[in-house]
Amino acid sequence: MIINQLLLGADEVFCYILACEISREAVIIDPCGDEDEILAIIEQLQLKPLFIVNTHCHPDHTCGNKVIKEATQALIVRHEADELLLDDKSAKEYFNRQGYTPSPPADRIVHDGDQLVFGNYTLQIIHTPGHSPGSICLYADGNLFTGDSLFVGAAGRVDVPEGNFTTLIESLSCKIAILPDETVIWPGHDYGNSITSTVGREKKENPYLGGEW
């Protein structure tokens, strides 16, 4: 599987471009600004984006959705709970104050256990609420794209609309800690001492994944 990790946008979010080496079908995770750079890689590698997947609905992770969708016709994918959150008046006002380009509505709603197929690969949806009610991690071929649920050595903040610390810790322990130790962690921000990690390392070093609360 082709994996491009790009640090983009005003909030320096990790956007990921995943692709099948044979079919060139691709998935874009969290387009977060600097859309020209994303599109340049798509053109350079001759990719065919099928899906734009948001790990959660916060605008620093979704502000590139509109431009990328218009350029590629890929489907915007989000968890149902975050799509509903975007319809909440107070949450919408909170997000609008951040000044990012709003995302169009999702074209496809997903839930825990759903799958997205691109070429020879399958992306499994793992619902990990806590940072937001519809936060998801994405698992494919031994790789886990964690958005803002889990960072290297840290976890997502919960002082945001419908964030919940207890729910987040439960998600990390019940959904991520059970994965094979060799699973590669690809976080949503560069907040740690490396740009990737593994489940095994995080269980040993990350208090939010391996600690007791």
# chains A, B, ... in the order shown; residues from 1 in each chain; ligands from 1

call {"tool": "select_by_dssp", "arguments": {"residues": "range 33-188 of chain A", "states": "helix (DSSP H, G or I)", "output": "VMD selection string"}}
result
chain A and resid 35 to 44 59 to 62 65 to 72 80 to 85 89 to 96 165 to 176

call {"tool": "residues_around", "arguments": {"residues": "Glu12 in chain A", "least_positions_apart": "4", "cutoff": "8 Å", "atoms": "only C-alpha atoms", "output": "PDB file with C-alpha atoms, in the first residue's frame"}}
result
ATOM      1  CA  LEU A   7       1.841  17.888   7.347  1.00  0.00           C
ATOM      2  CA  LEU A   8      -0.472  20.609   6.060  1.00  0.00           C
ATOM      3  CA  HIS A 189      -0.868  15.743  14.532  1.00  0.00           C
ATOM      4  CA  ASP A 190       2.891  15.738  15.099  1.00  0.00           C
TER       5      ASP A 190
END

call {"tool": "closest_atom_pairs", "arguments": {"of": "range 13-110 of chain A", "to": "range 178-188 of chain A", "cutoff": "8 Å", "atoms": "only C-alpha atoms", "output": "JSON lines"}}
result
{"residue": "A:Val13", "atom": "CA", "partner": "A:Gly188", "partner_atom": "CA", "distance": 5.9}
{"residue": "A:Phe14", "atom": "CA", "partner": "A:Gly188", "partner_atom": "CA", "distance": 5.0}
{"residue": "A:Cys15", "atom": "CA", "partner": "A:Gly188", "partner_atom": "CA", "distance": 7.4}

call {"tool": "select_by_dssp", "arguments": {"residues": "chain A", "states": "strand (DSSP E)", "output": "PyMOL selection string"}}
result
chain A and resi 2-8+13-19+25-29+48-53+75-79+108-110+115-118+121-127+136-140+143-147+150-151+154-155+184-187+197-198

call {"tool": "write_last_selection", "arguments": {"atoms": "C-alpha atoms", "output": "mmCIF file, in the first residue's frame"}}
result
data_model
loop_
_atom_site.group_PDB
_atom_site.id
_atom_site.type_symbol
_atom_site.label_atom_id
_atom_site.label_comp_id
_atom_site.auth_asym_id
_atom_site.auth_seq_id
_atom_site.Cartn_x
_atom_site.Cartn_y
_atom_site.Cartn_z
ATOM 1 C CA ILE A 2 1.222 3.472 -0.874
ATOM 2 C CA ILE A 3 1.141 5.808 2.145
ATOM 3 C CA ASN A 4 1.866 9.527 1.867
ATOM 4 C CA GLN A 5 1.967 11.436 5.175
ATOM 5 C CA LEU A 6 1.627 15.203 4.671
ATOM 6 C CA LEU A 7 1.841 17.888 7.347
ATOM 7 C CA LEU A 8 -0.472 20.609 6.060
ATOM 8 C CA VAL A 13 -2.570 18.446 10.608
ATOM 9 C CA PHE A 14 -1.384 15.154 9.150
ATOM 10 C CA CYS A 15 -3.254 14.404 5.929
ATOM 11 C CA TYR A 16 -2.786 10.943 4.463
ATOM 12 C CA ILE A 17 -3.051 9.729 0.896
ATOM 13 C CA LEU A 18 -3.411 5.939 0.667
ATOM 14 C CA ALA A 19 -3.383 4.120 -2.642
ATOM 15 C CA GLU A 25 -7.412 3.784 -6.492
ATOM 16 C CA ALA A 26 -6.883 6.046 -3.494
ATOM 17 C CA VAL A 27 -8.272 7.348 -0.202
ATOM 18 C CA ILE A 28 -7.550 10.821 1.177
ATOM 19 C CA ILE A 29 -7.739 11.074 4.969
ATOM 20 C CA LYS A 48 -7.917 7.781 -8.672
ATOM 21 C CA PRO A 49 -9.370 9.029 -5.358
ATOM 22 C CA LEU A 50 -12.548 7.226 -4.369
ATOM 23 C CA PHE A 51 -13.055 8.529 -0.835
ATOM 24 C CA ILE A 52 -12.288 11.558 1.316
ATOM 25 C CA VAL A 53 -12.471 10.185 4.857
ATOM 26 C CA LEU A 75 -17.064 10.792 -1.841
ATOM 27 C CA ILE A 76 -16.869 12.489 1.558
ATOM 28 C CA VAL A 77 -17.113 9.887 4.324
ATOM 29 C CA ARG A 78 -17.883 10.575 8.011
ATOM 30 C CA HIS A 79 -19.329 8.762 10.989
ATOM 31 C CA ARG A 108 -21.517 8.361 2.788
ATOM 32 C CA ILE A 109 -22.248 7.777 6.459
ATOM 33 C CA VAL A 110 -20.306 5.032 8.222
ATOM 34 C CA GLN A 115 -15.374 -1.109 5.255
ATOM 35 C CA LEU A 116 -14.127 0.986 2.359
ATOM 36 C CA VAL A 117 -12.461 -0.866 -0.515
ATOM 37 C CA PHE A 118 -9.832 0.735 -2.729
ATOM 38 C CA TYR A 121 -7.004 -2.956 0.122
ATOM 39 C CA THR A 122 -9.821 -2.641 2.635
ATOM 40 C CA LEU A 123 -10.059 0.213 5.113
ATOM 41 C CA GLN A 124 -11.923 -0.826 8.259
ATOM 42 C CA ILE A 125 -13.834 1.769 10.261
ATOM 43 C CA ILE A 126 -13.183 1.628 14.020
ATOM 44 C CA HIS A 127 -15.449 3.956 15.994
ATOM 45 C CA ILE A 136 -13.031 7.061 13.937
ATOM 46 C CA CYS A 137 -9.747 5.284 13.392
ATOM 47 C CA LEU A 138 -9.005 3.611 10.077
ATOM 48 C CA TYR A 139 -7.257 0.240 9.865
ATOM 49 C CA ALA A 140 -5.672 -1.222 6.765
ATOM 50 C CA ASN A 143 -1.658 0.427 9.725
ATOM 51 C CA LEU A 144 -3.943 2.482 11.978
ATOM 52 C CA PHE A 145 -4.773 6.100 11.159
ATOM 53 C CA THR A 146 -5.914 7.545 14.466
ATOM 54 C CA GLY A 147 -6.887 11.154 13.751
ATOM 55 C CA LEU A 150 -4.517 8.928 19.775
ATOM 56 C CA PHE A 151 -1.213 10.732 19.278
ATOM 57 C CA ALA A 154 -0.776 11.553 24.070
ATOM 58 C CA ALA A 155 -4.497 11.551 23.297
ATOM 59 C CA VAL A 184 1.739 1.106 12.980
ATOM 60 C CA ILE A 185 0.140 4.241 14.438
ATOM 61 C CA TRP A 186 -0.254 7.225 12.086
ATOM 62 C CA PRO A 187 -1.548 10.169 14.198
ATOM 63 C CA SER A 197 4.544 4.783 16.516
ATOM 64 C CA THR A 198 3.185 1.299 17.162
#
